[in-house]
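S.K.: Got a file for you: structure29.pdb, PDB, C-alpha atoms, pLDDT in the B column.
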ATOM      1  CA  MET A   9     -14.852  14.797 -20.091  1.00 76.00           C
ATOM      2  CA  ALA A  10     -11.535  16.658 -19.958  1.00 94.00           C
ATOM      3  CA  VAL A  11     -10.050  17.414 -16.562  1.00 97.00           C
ATOM      4  CA  THR A  12      -6.822  18.910 -15.294  1.00 97.00           C
ATOM      5  CA  VAL A  13      -4.782  16.784 -12.908  1.00 98.00           C
ATOM      6  CA  SER A  14      -2.245  18.307 -10.477  1.00 96.00           C
ATOM      7  CA  ILE A  15       0.688  15.980  -9.966  1.00 96.00           C
ATOM      8  CA  PRO A  16       2.755  16.011  -6.741  1.00 93.00           C
ATOM      9  CA  THR A  17       6.562  16.215  -6.871  1.00 89.00           C
ATOM     10  CA  ILE A  18       6.984  12.536  -6.050  1.00 90.00           C
ATOM     11  CA  LEU A  19       4.988  11.428  -9.137  1.00 95.00           C
ATOM     12  CA  ARG A  20       6.420  13.880 -11.649  1.00 95.00           C
ATOM     13  CA  THR A  21       8.931  11.269 -12.796  1.00 95.00           C
ATOM     14  CA  HIS A  22       5.912   9.771 -14.598  1.00 96.00           C
ATOM     15  CA  THR A  23       4.893  13.031 -16.283  1.00 97.00           C
ATOM     16  CA  GLY A  24       8.263  14.219 -17.541  1.00 96.00           C
ATOM     17  CA  GLY A  25       8.426  16.767 -14.724  1.00 95.00           C
ATOM     18  CA  GLU A  26       5.021  18.328 -15.512  1.00 96.00           C
ATOM     19  CA  LYS A  27       3.123  19.720 -12.488  1.00 93.00           C
ATOM     20  CA  SER A  28      -0.199  19.473 -14.228  1.00 96.00           C
ATOM     21  CA  VAL A  29      -1.506  17.282 -17.055  1.00 98.00           C
ATOM     22  CA  ASP A  30      -4.797  16.826 -18.895  1.00 97.00           C
ATOM     23  CA  ALA A  31      -6.805  13.622 -18.738  1.00 98.00           C
ATOM     24  CA  LYS A  32     -10.208  12.287 -19.748  1.00 97.00           C
ATOM     25  CA  GLY A  33     -12.879  10.288 -17.986  1.00 97.00           C
ATOM     26  CA  GLY A  34     -16.288  10.391 -16.359  1.00 96.00           C
ATOM     27  CA  THR A  35     -15.130   8.832 -13.107  1.00 97.00           C
ATOM     28  CA  LEU A  36     -11.889   9.002 -11.167  1.00 97.00           C
ATOM     29  CA  ALA A  37     -11.124   5.402 -12.190  1.00 97.00           C
ATOM     30  CA  GLU A  38     -11.418   6.365 -15.874  1.00 98.00           C
ATOM     31  CA  VAL A  39      -9.245   9.432 -15.337  1.00 98.00           C
ATOM     32  CA  ILE A  40      -6.566   7.257 -13.730  1.00 98.00           C
ATOM     33  CA  ASP A  41      -6.727   4.747 -16.603  1.00 98.00           C
ATOM     34  CA  ASP A  42      -6.293   7.614 -19.052  1.00 98.00           C
ATOM     35  CA  LEU A  43      -3.337   8.925 -17.032  1.00 98.00           C
ATOM     36  CA  GLU A  44      -1.796   5.463 -17.114  1.00 97.00           C
ATOM     37  CA  ALA A  45      -2.175   5.306 -20.915  1.00 97.00           C
ATOM     38  CA  ASN A  46      -0.127   8.489 -21.289  1.00 96.00           C
ATOM     39  CA  HIS A  47       2.120   8.324 -18.221  1.00 96.00           C
ATOM     40  CA  GLY A  48       2.879   4.653 -17.700  1.00 95.00           C
ATOM     41  CA  GLY A  49       3.451   3.498 -14.132  1.00 96.00           C
ATOM     42  CA  ILE A  50       1.409   6.175 -12.420  1.00 97.00           C
ATOM     43  CA  LYS A  51      -1.626   3.967 -11.759  1.00 97.00           C
ATOM     44  CA  GLY A  52       0.390   1.618  -9.563  1.00 96.00           C
ATOM     45  CA  ARG A  53       1.253   4.578  -7.343  1.00 95.00           C
ATOM     46  CA  LEU A  54      -2.405   5.559  -6.934  1.00 97.00           C
ATOM     47  CA  VAL A  55      -4.388   2.329  -6.832  1.00 97.00           C
ATOM     48  CA  LYS A  56      -3.822  -0.834  -4.854  1.00 94.00           C
ATOM     49  CA  ASP A  57      -6.122  -3.874  -4.831  1.00 93.00           C
ATOM     50  CA  GLY A  58      -8.873  -1.924  -6.581  1.00 93.00           C
ATOM     51  CA  ASN A  59      -8.892   0.950  -4.073  1.00 94.00           C
ATOM     52  CA  LEU A  60      -7.106   4.232  -3.737  1.00 96.00           C
ATOM     53  CA  HIS A  61      -3.714   3.736  -2.149  1.00 94.00           C
ATOM     54  CA  ARG A  62      -3.617   4.896   1.487  1.00 93.00           C
ATOM     55  CA  PHE A  63      -0.446   6.873   0.752  1.00 93.00           C
ATOM     56  CA  VAL A  64      -2.254   9.383  -1.477  1.00 96.00           C
ATOM     57  CA  ASN A  65      -5.065  11.880  -1.126  1.00 97.00           C
ATOM     58  CA  VAL A  66      -7.079  12.584  -4.266  1.00 98.00           C
ATOM     59  CA  TYR A  67      -9.445  15.516  -4.528  1.00 98.00           C
ATOM     60  CA  VAL A  68     -12.019  16.429  -7.167  1.00 97.00           C
ATOM     61  CA  ASN A  69     -12.086  20.192  -6.962  1.00 96.00           C
ATOM     62  CA  ASP A  70     -12.079  20.720  -3.165  1.00 91.00           C
ATOM     63  CA  GLU A  71     -13.475  17.379  -2.102  1.00 96.00           C
ATOM     64  CA  ASP A  72     -11.433  14.440  -0.808  1.00 96.00           C
ATOM     65  CA  VAL A  73     -12.776  11.550  -2.910  1.00 96.00           C
ATOM     66  CA  ARG A  74     -12.579   9.191   0.069  1.00 92.00           C
ATOM     67  CA  PHE A  75     -15.788  10.900   1.134  1.00 90.00           C
ATOM     68  CA  ALA A  76     -17.250  11.037  -2.392  1.00 91.00           C
ATOM     69  CA  GLY A  77     -17.227   7.522  -3.784  1.00 93.00           C
ATOM     70  CA  GLY A  78     -13.504   6.826  -4.058  1.00 95.00           C
ATOM     71  CA  LEU A  79     -12.541   5.581  -7.512  1.00 97.00           C
ATOM     72  CA  GLU A  80     -16.205   5.775  -8.567  1.00 96.00           C
ATOM     73  CA  ALA A  81     -16.345   9.517  -7.810  1.00 96.00           C
ATOM     74  CA  THR A  82     -17.730  11.323 -10.833  1.00 95.00           C
ATOM     75  CA  VAL A  83     -15.839  14.072 -12.594  1.00 96.00           C
ATOM     76  CA  ALA A  84     -17.237  16.683 -14.931  1.00 96.00           C
ATOM     77  CA  ASP A  85     -15.757  18.611 -17.822  1.00 96.00           C
ATOM     78  CA  GLY A  86     -13.353  21.257 -16.518  1.00 97.00           C
ATOM     79  CA  ASP A  87     -12.953  19.743 -13.041  1.00 97.00           C
ATOM     80  CA  ASN A  88      -9.613  19.869 -11.276  1.00 97.00           C
ATOM     81  CA  VAL A  89      -8.253  16.648  -9.875  1.00 98.00           C
ATOM     82  CA  THR A  90      -5.488  17.127  -7.299  1.00 98.00           C
ATOM     83  CA  ILE A  91      -3.218  14.358  -6.093  1.00 97.00           C
ATOM     84  CA  LEU A  92      -1.246  14.920  -2.875  1.00 97.00           C
ATOM     85  CA  PRO A  93       0.894  12.548  -0.874  1.00 95.00           C
ATOM     86  CA  ALA A  94      -0.849  11.752   2.423  1.00 96.00           C
ATOM     87  CA  VAL A  95       1.274  13.082   5.269  1.00 97.00           C
ATOM     88  CA  ALA A  96       1.047  10.626   8.122  1.00 97.00           C
ATOM     89  CA  GLY A  97       3.017   8.326  10.349  1.00 97.00           C
ATOM     90  CA  GLY A  98       3.425   7.039  13.835  1.00 92.00           C
TER      91      GLY A  98
ATOM     92  CA  MET Z   6      22.103  19.525   6.589  1.00 97.00           C
ATOM     93  CA  LEU Z   7      19.064  21.390   7.842  1.00 98.00           C
ATOM     94  CA  SER Z   8      19.634  25.060   8.529  1.00 98.00           C
ATOM     95  CA  ILE Z   9      16.773  26.500  10.602  1.00 98.00           C
ATOM     96  CA  GLY Z  10      16.092  29.595  12.701  1.00 98.00           C
ATOM     97  CA  ARG Z  11      16.041  29.330  16.491  1.00 98.00           C
ATOM     98  CA  ASP Z  12      12.532  30.838  16.543  1.00 98.00           C
ATOM     99  CA  LEU Z  13      11.203  28.003  14.361  1.00 98.00           C
ATOM    100  CA  VAL Z  14      12.875  25.333  16.490  1.00 98.00           C
ATOM    101  CA  ASP Z  15      11.326  26.903  19.586  1.00 97.00           C
ATOM    102  CA  ALA Z  16       7.916  27.085  17.882  1.00 98.00           C
ATOM    103  CA  ILE Z  17       8.008  23.375  16.929  1.00 98.00           C
ATOM    104  CA  LEU Z  18       9.000  22.400  20.472  1.00 98.00           C
ATOM    105  CA  ALA Z  19       6.256  24.599  21.936  1.00 98.00           C
ATOM    106  CA  HIS Z  20       3.666  22.992  19.635  1.00 98.00           C
ATOM    107  CA  ALA Z  21       4.865  19.498  20.585  1.00 98.00           C
ATOM    108  CA  ARG Z  22       4.719  20.290  24.317  1.00 97.00           C
ATOM    109  CA  ARG Z  23       1.257  21.818  24.001  1.00 97.00           C
ATOM    110  CA  ASP Z  24      -0.210  18.764  22.232  1.00 97.00           C
ATOM    111  CA  HIS Z  25       1.587  16.225  24.426  1.00 97.00           C
ATOM    112  CA  PRO Z  26       0.660  13.373  25.049  1.00 97.00           C
ATOM    113  CA  ASP Z  27      -0.823  13.403  21.517  1.00 98.00           C
ATOM    114  CA  GLU Z  28       1.528  13.718  18.576  1.00 98.00           C
ATOM    115  CA  ALA Z  29       1.857  17.203  17.059  1.00 98.00           C
ATOM    116  CA  CYS Z  30       2.528  17.760  13.356  1.00 98.00           C
ATOM    117  CA  GLY Z  31       3.066  20.559  10.900  1.00 98.00           C
ATOM    118  CA  VAL Z  32       4.976  21.979   8.006  1.00 98.00           C
ATOM    119  CA  ILE Z  33       7.416  24.821   7.400  1.00 98.00           C
ATOM    120  CA  ALA Z  34       7.168  26.319   3.938  1.00 98.00           C
ATOM    121  CA  GLY Z  35       9.981  28.059   2.149  1.00 97.00           C
ATOM    122  CA  PRO Z  36      10.690  29.478  -1.311  1.00 97.00           C
ATOM    123  CA  GLU Z  37      10.841  26.700  -3.927  1.00 94.00           C
ATOM    124  CA  GLY Z  38      14.371  25.407  -4.378  1.00 94.00           C
ATOM    125  CA  SER Z  39      15.775  27.548  -1.533  1.00 96.00           C
ATOM    126  CA  ASP Z  40      15.982  24.787   1.094  1.00 97.00           C
ATOM    127  CA  ARG Z  41      15.185  27.572   3.581  1.00 97.00           C
ATOM    128  CA  PRO Z  42      12.334  27.023   6.084  1.00 98.00           C
ATOM    129  CA  VAL Z  43      10.468  30.292   6.641  1.00 98.00           C
ATOM    130  CA  ARG Z  44       6.733  30.026   7.266  1.00 98.00           C
ATOM    131  CA  MET Z  45       5.505  27.548   9.878  1.00 98.00           C
ATOM    132  CA  ILE Z  46       2.005  26.113   9.740  1.00 98.00           C
ATOM    133  CA  GLU Z  47       0.761  24.027  12.663  1.00 98.00           C
ATOM    134  CA  MET Z  48      -1.431  21.275  11.227  1.00 98.00           C
ATOM    135  CA  ILE Z  49      -4.331  19.441  12.824  1.00 97.00           C
ATOM    136  CA  ASN Z  50      -3.456  15.869  13.737  1.00 98.00           C
ATOM    137  CA  ALA Z  51      -6.612  14.212  12.387  1.00 97.00           C
ATOM    138  CA  GLU Z  52      -5.758  11.079  14.403  1.00 97.00           C
ATOM    139  CA  ARG Z  53      -5.490  12.951  17.739  1.00 97.00           C
ATOM    140  CA  SER Z  54      -3.400  10.089  19.003  1.00 98.00           C
ATOM    141  CA  PRO Z  55      -0.294   9.527  21.131  1.00 98.00           C
ATOM    142  CA  THR Z  56       1.004   7.009  18.569  1.00 97.00           C
ATOM    143  CA  PHE Z  57      -0.149   8.239  15.133  1.00 98.00           C
ATOM    144  CA  TYR Z  58      -0.481  11.417  13.165  1.00 98.00           C
ATOM    145  CA  ARG Z  59      -2.150  12.315   9.894  1.00 98.00           C
ATOM    146  CA  PHE Z  60      -2.620  15.729   8.319  1.00 98.00           C
ATOM    147  CA  ASP Z  61      -6.319  16.519   7.931  1.00 97.00           C
ATOM    148  CA  SER Z  62      -6.845  16.095   4.176  1.00 96.00           C
ATOM    149  CA  SER Z  63      -8.945  19.250   3.662  1.00 97.00           C
ATOM    150  CA  GLU Z  64      -6.532  21.401   5.627  1.00 98.00           C
ATOM    151  CA  GLN Z  65      -3.631  19.894   3.711  1.00 97.00           C
ATOM    152  CA  LEU Z  66      -5.215  20.761   0.350  1.00 97.00           C
ATOM    153  CA  LYS Z  67      -5.705  24.363   1.480  1.00 97.00           C
ATOM    154  CA  VAL Z  68      -2.139  24.696   2.787  1.00 97.00           C
ATOM    155  CA  TRP Z  69      -0.566  23.000  -0.247  1.00 96.00           C
ATOM    156  CA  ARG Z  70      -2.514  25.319  -2.569  1.00 94.00           C
ATOM    157  CA  GLU Z  71      -1.336  28.362  -0.616  1.00 96.00           C
ATOM    158  CA  MET Z  72       2.245  27.165  -0.953  1.00 95.00           C
ATOM    159  CA  ASP Z  73       1.787  26.544  -4.661  1.00 92.00           C
ATOM    160  CA  ALA Z  74       0.346  30.019  -5.212  1.00 93.00           C
ATOM    161  CA  ALA Z  75       3.285  31.588  -3.333  1.00 96.00           C
ATOM    162  CA  ASP Z  76       5.944  29.497  -5.162  1.00 95.00           C
ATOM    163  CA  GLU Z  77       6.742  27.756  -1.902  1.00 96.00           C
ATOM    164  CA  GLU Z  78       7.304  24.110  -1.068  1.00 94.00           C
ATOM    165  CA  PRO Z  79       7.287  22.089   2.155  1.00 96.00           C
ATOM    166  CA  VAL Z  80      10.909  22.468   3.320  1.00 98.00           C
ATOM    167  CA  VAL Z  81      10.292  20.874   6.723  1.00 98.00           C
ATOM    168  CA  ILE Z  82       7.638  18.336   7.705  1.00 98.00           C
ATOM    169  CA  TYR Z  83       7.687  17.803  11.444  1.00 98.00           C
ATOM    170  CA  HIS Z  84       5.955  15.662  14.017  1.00 98.00           C
ATOM    171  CA  SER Z  85       6.512  14.580  17.592  1.00 98.00           C
ATOM    172  CA  HIS Z  86       6.966  11.267  19.278  1.00 98.00           C
ATOM    173  CA  THR Z  87       5.631  11.439  22.795  1.00 97.00           C
ATOM    174  CA  ALA Z  88       6.931   8.218  24.353  1.00 97.00           C
ATOM    175  CA  THR Z  89       9.789   7.104  22.099  1.00 96.00           C
ATOM    176  CA  GLU Z  90      12.970   8.538  20.609  1.00 96.00           C
ATOM    177  CA  ALA Z  91      12.968  11.106  17.802  1.00 98.00           C
ATOM    178  CA  TYR Z  92      13.676   8.549  15.081  1.00 98.00           C
ATOM    179  CA  PRO Z  93      11.358   7.714  12.135  1.00 98.00           C
ATOM    180  CA  SER Z  94       9.048   4.764  12.791  1.00 97.00           C
ATOM    181  CA  ARG Z  95       8.289   2.170  10.153  1.00 96.00           C
ATOM    182  CA  THR Z  96       5.007   3.970   9.400  1.00 96.00           C
ATOM    183  CA  ASP Z  97       6.827   7.314   9.088  1.00 97.00           C
ATOM    184  CA  ILE Z  98       9.156   5.778   6.510  1.00 97.00           C
ATOM    185  CA  SER Z  99       6.374   4.144   4.490  1.00 95.00           C
ATOM    186  CA  TYR Z 100       4.474   7.436   4.165  1.00 95.00           C
ATOM    187  CA  ALA Z 101       7.425   9.762   3.527  1.00 95.00           C
ATOM    188  CA  SER Z 102       6.921  11.109   0.011  1.00 90.00           C
ATOM    189  CA  GLU Z 103       8.189  14.665  -0.231  1.00 88.00           C
ATOM    190  CA  PRO Z 104      11.639  14.158  -1.758  1.00 84.00           C
ATOM    191  CA  ASN Z 105      12.754  17.736  -1.062  1.00 87.00           C
ATOM    192  CA  ALA Z 106      11.597  17.846   2.561  1.00 96.00           C
ATOM    193  CA  HIS Z 107      13.579  17.581   5.751  1.00 98.00           C
ATOM    194  CA  TYR Z 108      11.660  15.280   8.081  1.00 98.00           C
ATOM    195  CA  VAL Z 109      12.044  16.701  11.581  1.00 98.00           C
ATOM    196  CA  LEU Z 110      11.195  14.613  14.614  1.00 98.00           C
ATOM    197  CA  VAL Z 111      11.062  15.841  18.158  1.00 98.00           C
ATOM    198  CA  SER Z 112      10.510  13.779  21.263  1.00 98.00           C
ATOM    199  CA  THR Z 113       8.651  14.968  24.317  1.00 97.00           C
ATOM    200  CA  ARG Z 114       9.134  11.765  26.316  1.00 97.00           C
ATOM    201  CA  GLU Z 115      11.304  13.585  28.883  1.00 96.00           C
ATOM    202  CA  PRO Z 116       9.517  16.510  30.579  1.00 92.00           C
ATOM    203  CA  ASP Z 117      12.656  18.601  31.072  1.00 90.00           C
ATOM    204  CA  SER Z 118      14.713  17.905  27.980  1.00 91.00           C
ATOM    205  CA  HIS Z 119      13.951  17.431  24.297  1.00 89.00           C
ATOM    206  CA  GLU Z 120      15.333  15.786  21.209  1.00 95.00           C
ATOM    207  CA  PHE Z 121      15.228  17.626  17.876  1.00 98.00           C
ATOM    208  CA  ARG Z 122      16.539  15.630  14.910  1.00 98.00           C
ATOM    209  CA  SER Z 123      16.265  15.822  11.141  1.00 98.00           C
ATOM    210  CA  TYR Z 124      16.214  13.196   8.393  1.00 98.00           C
ATOM    211  CA  ARG Z 125      15.969  12.722   4.672  1.00 97.00           C
ATOM    212  CA  ILE Z 126      13.688   9.834   3.787  1.00 96.00           C
ATOM    213  CA  LEU Z 127      13.876   8.679   0.185  1.00 92.00           C
ATOM    214  CA  ASP Z 128      12.562   5.390  -1.225  1.00 89.00           C
ATOM    215  CA  GLY Z 129      12.417   3.892   2.244  1.00 92.00           C
ATOM    216  CA  VAL Z 130      15.971   4.860   3.162  1.00 96.00           C
ATOM    217  CA  VAL Z 131      16.476   7.060   6.236  1.00 97.00           C
ATOM    218  CA  THR Z 132      19.506   9.328   6.449  1.00 97.00           C
ATOM    219  CA  GLU Z 133      19.968  11.454   9.548  1.00 98.00           C
ATOM    220  CA  GLU Z 134      21.460  14.878   8.918  1.00 98.00           C
ATOM    221  CA  ASP Z 135      23.057  17.625  11.004  1.00 98.00           C
ATOM    222  CA  VAL Z 136      20.892  20.481  12.225  1.00 98.00           C
ATOM    223  CA  SER Z 137      22.369  23.962  12.178  1.00 98.00           C
ATOM    224  CA  ILE Z 138      20.377  26.375  14.324  1.00 97.00           C
ATOM    225  CA  VAL Z 139      20.620  29.959  13.145  1.00 96.00           C
ATOM    226  CA  GLU Z 140      20.273  32.578  15.904  1.00 90.00           C
TER     227      GLU Z 140
END
Go ahead and express the file in the form of C-alpha cells.
M.R.:
Amino acid sequence: MAVTVSIPTILRTHTGGEKSVDAKGGTLAEVIDDLEANHGGIKGRLVKDGNLHRFVNVYVNDEDVRFAGGLEATVADGDNVTILPAVAGG
Amino acid sequence: MLSIGRDLVDAILAHARRDHPDEACGVIAGPEGSDRPVRMIEMINAERSPTFYRFDSSEQLKVWREMDAADEEPVVIYHSHTATEAYPSRTDISYASEPNAHYVLVSTREPDSHEFRSYRILDGVVTEEDVSIVE
C-alpha cells in the first residue's frame, strides 16, 4: 500500500527538506517503519515506548489516529498521512 | 524581534480576557518566510482549563491545511496564563515545535493590566525577544 506522508517543518531535517514523501505499509506502524528505513531518525520523533509520542498528532486522511487504533490504524492505497506537531502547554 | 500590528495585540488580549480564567490559545498566520503575522485564528482550547491548553486536533488539521493551501505558516502561536507570569512553563517548552514561530504569552492574572511577551523556543532553549507594536 503506497501512501503520501506530509512532514511538518520540525521533522524535515529527516527528509532532506521535503514537505511530503511516499511510504508503504498496511498499518500506521508499518508506514512509520518504512519512513525510518528511508529517513533514519524519524521514528524516534514519532513513537515512544511503543505508542505515538504525545508531542505529535498523526492523521490518516482527516482522522486523528488516536481515535482510530493508534499505531495499528489501517491505511489504504492512496491514503494521505499527515503529521503535525501537537500544540499544547500549560 | 516580533513586529505585530496593534489590532492583533488587542485581539489576542481580548480573547485572553474573554476566556479567563481558562487559558486561551490561537495562531496568527502570515505569508511563508515573511515573518509577518497577518491572519489571526482563535483556536479551541480542548483542555478548557486554567492551567493547560491544547489545540483541538481536528481543528488544527483544518487550520494547518488552510495555511498550507494559502502558502502561509504559523508566524505567532499564542496562549494565556491566567494566574502566573507570561513566561513559558516547562510544558510549554517541551511541546514547542514550530521553529519559525514566535511564541507569544499573555497573562491575565491582574484584572487591570496585562503582560504581552514573545519568545523563540528551539530545542528546549527559551529566548525572549523584543516586541515592536506597529500602529
S.K.: Need to verify the contact set: A:Thr17, 9 Å, only C-alpha atoms, exclusion of same-chain residues closer than 5 positions in sequence. Can you return it as a tab-separated table (two decimals) with C-alpha atoms, in the frame of the given file?
M.R.:
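Now in out.tsv:
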chain	number	residue	atom	x	y	z
A	25	GLY	CA	8.43	16.77	-14.72
A	27	LYS	CA	3.12	19.72	-12.49
A	92	LEU	CA	-1.25	14.92	-2.88
Z	102	SER	CA	6.92	11.11	0.01
Z	103	GLU	CA	8.19	14.66	-0.23
Z	104	PRO	CA	11.64	14.16	-1.76
Z	105	ASN	CA	12.75	17.74	-1.06
S.K.: Just need the residues of chain A within 12 Å of chain Z, counting only C-alpha atoms, so spit them out as JSON, numbers by chain.
M.R.: {"A": [14, 15, 16, 17, 18, 19, 20, 21, 27, 53, 61, 62, 63, 64, 65, 66, 67, 68, 69, 70, 71, 72, 73, 74, 75, 89, 90, 91, 92, 93, 94, 95, 96, 97, 98]}
S.K.: Would you write out, as JSON, numbers by chain, every residue that the PyMOL selection byres ((chain Z and resi 136) around 9) captures in this file?
M.R.: {"Z": [6, 7, 8, 9, 121, 122, 123, 134, 135, 137, 138]}
S.K.: Only C-alpha atoms, please: the residues just picked out, written as a PDB file, in the coordinates of the input.
M.R.:
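Generated file (result.pdb):
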ATOM      1  CA  MET Z   6      22.103  19.525   6.589  1.00 97.00           C
ATOM      2  CA  LEU Z   7      19.064  21.390   7.842  1.00 98.00           C
ATOM      3  CA  SER Z   8      19.634  25.060   8.529  1.00 98.00           C
ATOM      4  CA  ILE Z   9      16.773  26.500  10.602  1.00 98.00           C
ATOM      5  CA  PHE Z 121      15.228  17.626  17.876  1.00 98.00           C
ATOM      6  CA  ARG Z 122      16.539  15.630  14.910  1.00 98.00           C
ATOM      7  CA  SER Z 123      16.265  15.822  11.141  1.00 98.00           C
ATOM      8  CA  GLU Z 134      21.460  14.878   8.918  1.00 98.00           C
ATOM      9  CA  ASP Z 135      23.057  17.625  11.004  1.00 98.00           C
ATOM     10  CA  SER Z 137      22.369  23.962  12.178  1.00 98.00           C
ATOM     11  CA  ILE Z 138      20.377  26.375  14.324  1.00 97.00           C
TER      12      ILE Z 138
END
S.K.: Applied to this file, what does the PyMOL selection byres ((chain A and resi 51) around 10) return in terms of residues, put as number ranges by chain?
M.R.: A: 22, 37, 40-45, 47-50, 52-56, 60-61
S.K.: Apply the PyMOL selection byres ((chain Z and resi 42) around 7) to the displayed file and report the matching residues as a PyMOL selection string.
M.R.: chain Z and resi 9+33-35+40-41+43-44+80-81
